[in-house]
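Quick look at upload.cif (mmCIF, C-alpha atoms and all ligand atoms):
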data_final
loop_
_atom_site.label_atom_id
_atom_site.label_comp_id
_atom_site.auth_asym_id
_atom_site.auth_seq_id
_atom_site.Cartn_x
_atom_site.Cartn_y
_atom_site.Cartn_z
CA MET A 3 -6.67 -13.94 6.76
CA LEU A 4 -5.83 -10.49 8.12
CA SER A 5 -4.33 -8.18 5.48
CA ASP A 6 -3.79 -10.85 2.87
CA LEU A 7 -0.81 -9.99 0.67
CA LYS A 8 -0.70 -13.22 -1.32
CA ASP A 9 1.34 -12.82 -4.52
CA LYS A 10 1.86 -9.09 -3.93
CA ARG A 11 5.22 -7.69 -4.99
CA ALA A 12 6.70 -5.17 -2.58
CA LEU A 13 9.73 -2.92 -2.12
CA VAL A 14 10.63 -1.75 1.40
CA THR A 15 13.38 0.84 1.94
CA GLY A 16 15.57 0.98 5.05
CA ALA A 17 14.65 -2.66 5.58
CA ALA A 18 17.87 -4.11 7.03
CA GLN A 19 16.59 -3.62 10.58
CA GLY A 20 13.93 -2.01 12.76
CA LEU A 21 10.53 -1.14 11.33
CA GLY A 22 11.50 -1.85 7.72
CA ARG A 23 12.65 -5.35 8.57
CA ALA A 24 9.47 -6.05 10.56
CA VAL A 25 7.35 -4.82 7.63
CA ALA A 26 9.23 -7.03 5.16
CA GLU A 27 8.91 -10.02 7.52
CA LEU A 28 5.16 -9.59 7.99
CA PHE A 29 4.58 -8.98 4.26
CA ILE A 30 6.31 -12.31 3.53
CA GLU A 31 4.28 -14.06 6.25
CA ARG A 32 1.12 -12.72 4.55
CA GLY A 33 2.16 -14.10 1.14
CA ALA A 34 4.13 -11.28 -0.53
CA ARG A 35 7.53 -11.39 -2.19
CA VAL A 36 9.67 -8.50 -1.00
CA VAL A 37 12.71 -6.59 -2.21
CA LEU A 38 14.44 -5.06 0.79
CA SER A 39 16.69 -2.06 0.19
CA ASP A 40 19.09 -0.38 2.59
CA ILE A 41 22.28 1.68 2.60
CA ASP A 42 23.93 -0.88 4.93
CA GLY A 43 24.81 -3.75 2.61
CA ASP A 44 26.28 -6.11 5.24
CA LEU A 45 23.28 -5.91 7.55
CA LEU A 46 20.96 -6.15 4.56
CA ASP A 47 22.62 -9.41 3.46
CA LYS A 48 22.07 -10.92 6.92
CA THR A 49 18.45 -9.82 7.06
CA VAL A 50 17.67 -11.11 3.59
CA ALA A 51 19.27 -14.46 4.48
CA ASP A 52 17.10 -14.61 7.65
CA LEU A 53 13.91 -13.92 5.69
CA GLY A 54 14.39 -16.73 3.16
CA ASP A 55 13.50 -17.19 -0.50
CA ALA A 56 10.72 -14.60 -0.68
CA ALA A 57 13.25 -11.88 0.18
CA PHE A 58 15.76 -10.21 -2.13
CA GLY A 59 18.20 -7.42 -1.22
CA VAL A 60 19.31 -4.31 -3.12
CA VAL A 61 21.75 -1.80 -1.68
CA CYS A 62 20.35 1.71 -2.09
CA ASN A 63 20.97 5.11 -0.57
CA VAL A 64 17.58 6.81 -0.86
CA THR A 65 19.20 10.25 -1.20
CA SER A 66 20.62 9.25 -4.59
CA GLU A 67 18.05 9.58 -7.37
CA GLU A 68 20.14 7.28 -9.56
CA GLN A 69 20.23 4.56 -6.88
CA VAL A 70 16.50 4.87 -6.19
CA VAL A 71 15.75 4.50 -9.90
CA SER A 72 17.98 1.44 -10.23
CA SER A 73 16.68 -0.18 -7.02
CA ILE A 74 13.10 0.17 -8.28
CA GLN A 75 14.14 -1.30 -11.65
CA ALA A 76 15.88 -4.16 -9.81
CA ALA A 77 12.68 -4.80 -7.84
CA VAL A 78 10.55 -4.78 -11.00
CA ASP A 79 12.99 -7.13 -12.76
CA HIS A 80 13.22 -9.51 -9.82
CA LEU A 81 9.53 -9.57 -8.94
CA GLY A 82 8.06 -9.16 -12.43
CA GLY A 83 6.29 -5.93 -11.43
CA LEU A 84 5.56 -3.89 -8.34
CA ASP A 85 2.37 -3.57 -6.26
CA ILE A 86 3.54 -1.98 -3.00
CA VAL A 87 6.28 0.46 -1.98
CA VAL A 88 7.05 1.27 1.64
CA ASN A 89 9.18 4.41 1.92
CA ASN A 90 10.55 3.64 5.37
CA ALA A 91 14.24 4.66 5.40
CA GLY A 92 14.81 7.53 7.80
CA ILE A 93 17.20 9.00 10.35
CA GLU A 94 17.00 11.28 13.37
CA ILE A 95 19.21 13.99 14.86
CA GLY A 96 18.66 14.22 18.62
CA LYS A 97 19.73 17.77 19.49
CA PRO A 98 18.05 21.07 20.35
CA LEU A 99 17.05 22.69 17.06
CA VAL A 100 19.27 25.75 17.52
CA GLN A 101 22.31 23.51 18.05
CA GLN A 102 21.76 21.49 14.89
CA THR A 103 24.22 22.25 12.11
CA GLU A 104 23.29 23.00 8.53
CA GLU A 105 24.86 19.67 7.55
CA GLU A 106 22.73 17.78 10.10
CA PHE A 107 19.56 19.59 9.01
CA ASP A 108 20.30 18.88 5.34
CA ARG A 109 21.03 15.19 6.09
CA VAL A 110 17.68 14.70 7.83
CA MET A 111 15.81 16.46 5.01
CA SER A 112 17.74 14.60 2.35
CA ILE A 113 17.01 11.11 3.70
CA ASN A 114 13.57 11.63 5.27
CA VAL A 115 12.03 13.99 2.71
CA LYS A 116 13.93 13.75 -0.57
CA GLY A 117 14.21 9.97 -0.16
CA VAL A 118 10.42 9.68 0.10
CA PHE A 119 9.95 12.09 -2.82
CA PHE A 120 12.26 9.96 -5.02
CA GLY A 121 10.45 6.80 -3.87
CA ILE A 122 7.02 8.17 -4.78
CA LYS A 123 8.20 9.72 -8.04
CA HIS A 124 10.07 6.75 -9.46
CA ALA A 125 7.88 3.92 -8.18
CA THR A 126 4.69 5.44 -9.58
CA PRO A 127 5.19 4.35 -13.23
CA ALA A 128 5.89 0.77 -12.09
CA LEU A 129 2.81 0.74 -9.83
CA ILE A 130 0.60 2.08 -12.63
CA ALA A 131 2.05 -0.49 -15.03
CA SER A 132 1.03 -3.21 -12.54
CA GLY A 133 -2.56 -1.99 -12.58
CA GLY A 134 -2.36 0.46 -9.68
CA GLY A 135 -0.76 -0.40 -6.41
CA ASN A 136 -0.06 1.56 -3.28
CA ILE A 137 2.58 3.42 -1.33
CA VAL A 138 2.96 3.59 2.45
CA ASN A 139 5.24 6.34 3.79
CA MET A 140 6.78 6.17 7.25
CA SER A 141 6.00 9.44 9.02
CA SER A 142 5.82 9.75 12.83
CA VAL A 143 3.86 11.42 15.60
CA ALA A 144 6.76 13.88 15.28
CA GLY A 145 5.10 14.92 12.01
CA LEU A 146 1.99 15.96 13.95
CA GLY A 147 3.56 18.21 16.58
CA GLY A 148 6.83 19.44 18.03
CA VAL A 149 9.12 17.16 20.04
CA PRO A 150 12.10 18.55 22.01
CA LEU A 151 15.46 17.52 20.41
CA LEU A 152 13.75 16.43 17.20
CA GLY A 153 13.17 19.77 15.43
CA SER A 154 14.55 18.88 11.98
CA TYR A 155 13.07 15.39 12.28
CA CYS A 156 9.62 16.84 13.09
CA ALA A 157 9.84 19.13 10.07
CA SER A 158 10.82 16.21 7.85
CA LYS A 159 7.99 13.97 9.06
CA ALA A 160 5.41 16.76 8.59
CA ALA A 161 6.71 17.12 5.02
CA VAL A 162 6.15 13.38 4.49
CA LEU A 163 2.49 13.80 5.46
CA ARG A 164 1.92 16.70 3.06
CA MET A 165 3.59 14.77 0.21
CA THR A 166 1.46 11.73 1.06
CA GLU A 167 -1.77 13.72 0.81
CA THR A 168 -0.77 15.48 -2.41
CA ALA A 169 0.42 12.33 -4.14
CA ALA A 170 -2.74 10.49 -3.06
CA VAL A 171 -4.99 13.02 -4.77
CA GLU A 172 -2.77 13.33 -7.85
CA LEU A 173 -2.52 9.55 -8.31
CA ARG A 174 -6.07 8.54 -7.37
CA ASP A 175 -7.28 8.44 -10.98
CA HIS A 176 -4.35 6.16 -11.80
CA GLY A 177 -5.50 3.68 -9.15
CA VAL A 178 -2.50 4.30 -6.89
CA ARG A 179 -3.21 4.76 -3.16
CA VAL A 180 -0.77 6.66 -0.93
CA ASN A 181 -0.96 6.58 2.88
CA ALA A 182 1.30 7.19 5.86
CA VAL A 183 1.76 5.82 9.35
CA CYS A 184 2.69 7.88 12.41
CA PRO A 185 4.19 5.75 15.18
CA SER A 186 5.34 7.14 18.52
CA PHE A 187 8.34 5.57 20.32
CA ILE A 188 8.93 2.05 18.99
CA ASN A 189 11.59 -0.35 20.21
CA THR A 190 14.32 -0.01 17.56
CA LYS A 191 17.93 1.20 17.34
CA MET A 192 16.64 4.68 16.51
CA VAL A 193 14.99 5.00 19.90
CA GLU A 194 18.02 3.42 21.63
CA ARG A 195 20.13 6.21 20.09
CA LEU A 196 17.78 8.88 21.46
CA VAL A 197 17.87 7.80 25.13
CA ASN A 198 21.21 9.41 26.09
CA PRO A 199 20.66 12.76 24.32
CA PHE A 200 17.14 12.92 25.77
CA GLU A 201 18.22 12.20 29.34
CA GLY A 202 21.22 14.56 29.01
CA ALA A 203 19.11 17.47 27.78
CA THR A 204 16.04 17.05 29.98
CA GLY A 205 17.29 15.33 33.14
CA ALA A 206 14.22 13.09 32.93
CA LYS A 207 14.42 9.30 32.69
CA PHE A 208 13.43 8.25 29.19
CA ASP A 209 11.65 5.15 30.49
CA ASP A 210 9.54 7.27 32.86
CA VAL A 211 8.46 9.60 30.05
CA VAL A 212 7.54 6.63 27.87
CA ALA A 213 5.58 5.08 30.76
CA VAL A 214 3.58 8.29 31.33
CA LYS A 215 3.05 9.17 27.67
CA GLN A 216 2.47 5.79 26.04
CA GLN A 217 2.66 3.15 28.80
CA ARG A 218 5.38 1.16 27.01
CA LEU A 219 7.44 1.19 23.83
CA GLY A 220 5.58 -0.04 20.77
CA THR A 221 6.96 -3.02 18.89
CA PRO A 222 8.05 -3.03 15.23
CA GLU A 223 5.54 -5.84 14.67
CA GLU A 224 2.68 -3.59 15.82
CA VAL A 225 3.66 -0.96 13.26
CA ALA A 226 4.12 -3.60 10.55
CA GLU A 227 0.53 -4.78 11.13
CA MET A 228 -0.82 -1.31 10.28
CA VAL A 229 1.43 -1.05 7.21
CA ALA A 230 0.24 -4.47 6.03
CA PHE A 231 -3.39 -3.38 6.40
CA LEU A 232 -2.83 -0.19 4.38
CA ALA A 233 -0.89 -2.10 1.72
CA SER A 234 -3.58 -4.75 1.39
CA ASP A 235 -6.79 -4.69 -0.64
CA ASP A 236 -8.68 -4.47 2.69
CA ALA A 237 -7.76 -0.77 2.57
CA LYS A 238 -8.89 -0.20 -1.02
CA PHE A 239 -10.98 2.90 -0.09
CA VAL A 240 -8.15 4.37 1.99
CA THR A 241 -5.86 6.98 0.46
CA GLY A 242 -4.33 10.30 1.50
CA SER A 243 -4.61 9.31 5.15
CA HIS A 244 -2.25 8.86 8.04
CA TYR A 245 -2.67 6.36 10.85
CA VAL A 246 -1.36 7.02 14.35
CA LEU A 247 0.07 4.22 16.51
CA ASP A 248 0.92 5.82 19.85
CA SER A 249 -0.98 4.19 22.73
CA GLY A 250 -2.70 7.51 23.44
CA LEU A 251 0.35 9.83 23.38
CA THR A 252 -1.15 12.42 21.03
CA GLY A 253 -4.60 12.08 22.57
CA SER A 254 -3.56 13.38 25.98
CA LEU A 255 -2.51 16.82 27.23
CA PHE A 256 -0.82 15.24 30.29
N1 LIG B 1 11.56 3.79 16.01
C1 LIG B 1 10.64 4.71 16.21
O1 LIG B 1 10.26 4.99 17.36
C2 LIG B 1 9.99 5.42 15.05
C3 LIG B 1 8.83 6.15 15.31
C4 LIG B 1 8.21 6.83 14.26
C5 LIG B 1 8.75 6.74 12.99
N2 LIG B 1 9.89 6.04 12.77
C6 LIG B 1 10.40 6.00 11.40
O2 LIG B 1 10.47 4.66 10.96
C7 LIG B 1 11.52 4.51 10.00
C8 LIG B 1 12.43 3.38 10.43
O3 LIG B 1 12.96 3.70 11.71
P1 LIG B 1 13.66 2.62 12.64
O4 LIG B 1 13.29 2.97 14.01
O5 LIG B 1 13.43 1.25 12.11
O6 LIG B 1 15.18 3.06 12.42
P2 LIG B 1 16.53 2.20 12.40
O7 LIG B 1 17.62 3.19 12.58
O8 LIG B 1 16.40 1.06 13.34
O9 LIG B 1 16.57 1.61 10.91
C9 LIG B 1 16.62 2.49 9.82
C10 LIG B 1 17.21 1.79 8.62
O10 LIG B 1 17.28 2.76 7.56
C11 LIG B 1 18.55 2.64 6.92
N3 LIG B 1 18.95 3.90 6.31
C12 LIG B 1 19.43 5.01 6.92
N4 LIG B 1 19.76 5.92 6.01
C13 LIG B 1 19.46 5.41 4.79
C14 LIG B 1 19.59 5.88 3.47
N5 LIG B 1 20.11 7.08 3.19
N6 LIG B 1 19.17 5.07 2.46
C15 LIG B 1 18.68 3.84 2.71
N7 LIG B 1 18.55 3.33 3.95
C16 LIG B 1 18.95 4.11 4.98
C17 LIG B 1 19.51 2.22 8.03
O11 LIG B 1 20.67 1.59 7.51
C18 LIG B 1 18.62 1.28 8.85
O12 LIG B 1 18.76 -0.06 8.43
C19 LIG B 1 12.20 5.87 9.93
O13 LIG B 1 11.68 6.61 8.84
C20 LIG B 1 11.81 6.52 11.24
O14 LIG B 1 11.86 7.92 11.15
C21 LIG B 1 10.52 5.36 13.77
#
Would you mind writing the file's structure down as structure tokens?
Ligand SMILES: NC(=O)c1ccc[n+]([C@@H]2O[C@H](COP(=O)([O-])OP(=O)(O)OC[C@H]3O[C@@H](n4cnc5c(N)ncnc54)[C@H](O)[C@@H]3O)[C@@H](O)[C@H]2O)c1
Amino acid sequence: MLSDLKDKRALVTGAAQGLGRAVAELFIERGARVVLSDIDGDLLDKTVADLGDAAFGVVCNVTSEEQVVSSIQAAVDHLGGLDIVVNNAGIEIGKPLVQQTEEEFDRVMSINVKGVFFGIKHATPALIASGGGNIVNMSSVAGLGGVPLLGSYCASKAAVLRMTETAAVELRDHGVRVNAVCPSFINTKMVERLVNPFEGATGAKFDDVVAVKQQRLGTPEEVAEMVAFLASDDAKFVTGSHYVLDSGLTGSLF
């Protein structure tokens, strides 16, 4: 079977919808039991109910160190240990960089960077206790280069890549792998939210730009497949790396 996750115990943050939900769903399909965490408790409850008995929900705001610690403990208690953590929760601010407020900049950094830092820091002891597991961080092609209207987001996703590499080297001797994925535009609420600001600021049709740059929107399931591979033992020699899913966007100058 592709990316077998039989009996693996996983925690996925920001999992009530979008990429996190798709990751949790695929992990369960591949045999894992999954704790889904999210700041949106109502949506989380619905998602967990949809995913069935292998899913369990914990409300957690990843910017709160206390909540991250207790969500990881809840996952360990519920699953009997932890093998995989997917630090997926993230937000965007779609505005020219010089128009972004300090509060907006801090919010992006707090969720996208500090949230991943807390996830790595506090999950590591549980992963080591389970014999060495792995972490997959959700970066973006926006972590590889600048994107108009996504200045703070780009900075945050670049920071995720540098933390991924550093943690991978620091944790290698403990048997913990740390990798990241860099998707381009994927069909989720996040991208829906970006269409109006993008078209307002550039005058270009968002769909046309997507068609030229990446042919079509990616699907959450396509991203989940890469995350499942990295989380599985098939990727046991893979750490400190990032994997791009962008249908050629970053490979082309035009
Ligand atoms: N959709 C894309 O095109 C795309 C591309 C590259 C990377 N990403 C990244 O993938 C991740 C998921 O994005 P998505 O498109 O599924 O977004 P989404 O907005 O559809 O879902 C994000 C989820 O994160 C949760 N969340 C937000 N703030 C949180 C917090 N403080 N604590 C816990 N949960 C919180 C939300 O409630 C939501 O359920 C993000 O890190 C995003 O930056 C998305």
Choose the residue, out of A:Lys97, A:Arg23, A:His244, A:His176, that has the smallest atom-to-atom separation from ligand LIG 1 (chain B); count only C-alpha atoms and all ligand atoms.
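When distances to ligand LIG 1 (chain B) are compared using only C-alpha atoms and all ligand atoms, the smallest one comes from A:Arg23.
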Gap from CA of Leu28 (chain A) to atom C8 of ligand LIG 1 (chain B) - Å, one decimal:
15.1 Å
So what do you get for CA of Asn89 (chain A) versus CA of Ser158 (chain A), distance-wise?
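Spanning CA of Asn89 (chain A) to CA of Ser158 (chain A) is a straight-line distance of 13.3 Å.
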Counting only C-alpha atoms and all ligand atoms, give me one row per residue of chain A with an atom at most 6 Å from an atom of ligand LIG 1 (chain B), showing the shortest contact pair and its distance in Å to one decimal, sorted by chain then residue number, as a Markdown table.
| residue | atom | partner | partner_atom | distance |
| --- | --- | --- | --- | --- |
| A:Gly16 | CA | B:LIG1 | O10 | 3.5 |
| A:Ala17 | CA | B:LIG1 | O12 | 5.6 |
| A:Ala18 | CA | B:LIG1 | O12 | 4.4 |
| A:Gln19 | CA | B:LIG1 | O12 | 4.7 |
| A:Gly20 | CA | B:LIG1 | O5 | 3.4 |
| A:Leu21 | CA | B:LIG1 | O5 | 3.8 |
| A:Gly22 | CA | B:LIG1 | O5 | 5.7 |
| A:Asp40 | CA | B:LIG1 | N7 | 4.0 |
| A:Ile41 | CA | B:LIG1 | C15 | 4.2 |
| A:Asp42 | CA | B:LIG1 | O11 | 4.8 |
| A:Cys62 | CA | B:LIG1 | C15 | 5.5 |
| A:Asn63 | CA | B:LIG1 | N6 | 3.5 |
| A:Val64 | CA | B:LIG1 | N6 | 4.1 |
| A:Thr65 | CA | B:LIG1 | N5 | 5.5 |
| A:Asn90 | CA | B:LIG1 | O13 | 4.7 |
| A:Ala91 | CA | B:LIG1 | O10 | 4.2 |
| A:Gly92 | CA | B:LIG1 | O13 | 3.4 |
| A:Ile93 | CA | B:LIG1 | O14 | 5.5 |
| A:Ile113 | CA | B:LIG1 | N5 | 5.1 |
| A:Met140 | CA | B:LIG1 | O13 | 5.2 |
| A:Ser141 | CA | B:LIG1 | C5 | 5.5 |
| A:Ser142 | CA | B:LIG1 | C4 | 4.0 |
| A:Cys184 | CA | B:LIG1 | C4 | 5.9 |
| A:Pro185 | CA | B:LIG1 | C4 | 4.3 |
| A:Ser186 | CA | B:LIG1 | C3 | 4.8 |
| A:Phe187 | CA | B:LIG1 | O1 | 3.6 |
| A:Ile188 | CA | B:LIG1 | O1 | 3.6 |
| A:Asn189 | CA | B:LIG1 | N1 | 5.9 |
| A:Thr190 | CA | B:LIG1 | O4 | 4.7 |
| A:Lys191 | CA | B:LIG1 | O8 | 4.3 |
| A:Met192 | CA | B:LIG1 | O7 | 4.3 |
| A:Val193 | CA | B:LIG1 | N1 | 5.3 |
Suppose we keep C-alpha atoms; can you now write the selection as a CSV table (one decimal), in the frame of the given file?
chain,number,residue,atom,x,y,z
A,16,GLY,CA,15.6,1.0,5.0
A,17,ALA,CA,14.6,-2.7,5.6
A,18,ALA,CA,17.9,-4.1,7.0
A,19,GLN,CA,16.6,-3.6,10.6
A,20,GLY,CA,13.9,-2.0,12.8
A,21,LEU,CA,10.5,-1.1,11.3
A,22,GLY,CA,11.5,-1.8,7.7
A,40,ASP,CA,19.1,-0.4,2.6
A,41,ILE,CA,22.3,1.7,2.6
A,42,ASP,CA,23.9,-0.9,4.9
A,62,CYS,CA,20.4,1.7,-2.1
A,63,ASN,CA,21.0,5.1,-0.6
A,64,VAL,CA,17.6,6.8,-0.9
A,65,THR,CA,19.2,10.2,-1.2
A,90,ASN,CA,10.6,3.6,5.4
A,91,ALA,CA,14.2,4.7,5.4
A,92,GLY,CA,14.8,7.5,7.8
A,93,ILE,CA,17.2,9.0,10.4
A,113,ILE,CA,17.0,11.1,3.7
A,140,MET,CA,6.8,6.2,7.2
A,141,SER,CA,6.0,9.4,9.0
A,142,SER,CA,5.8,9.8,12.8
A,184,CYS,CA,2.7,7.9,12.4
A,185,PRO,CA,4.2,5.8,15.2
A,186,SER,CA,5.3,7.1,18.5
A,187,PHE,CA,8.3,5.6,20.3
A,188,ILE,CA,8.9,2.0,19.0
A,189,ASN,CA,11.6,-0.4,20.2
A,190,THR,CA,14.3,0.0,17.6
A,191,LYS,CA,17.9,1.2,17.3
A,192,MET,CA,16.6,4.7,16.5
A,193,VAL,CA,15.0,5.0,19.9
Counting all atoms listed in the file, which residues come within 7 Å of (16.8, -0.4, -2.8), with the point read in the file's coordinates, and could you list them as JSON, numbers by chain?
{"A": [15, 38, 39, 40, 60, 61, 62, 70, 73, 74]}
Point out the residue among A:Val100, A:Ala24, A:Ile130, A:Leu81 with the least atom-to-atom distance to Asp175 (chain A), counting all atoms listed in the file.
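Going through A:Val100, A:Ala24, A:Ile130, A:Leu81 one by one, the smallest distance to Asp175 (chain A) is for A:Ile130.
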In Å, with one decimal, what is the gap from CA of Thr241 (chain A) to CA of Val183 (chain A)?
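Those two atoms sit 11.8 Å apart.
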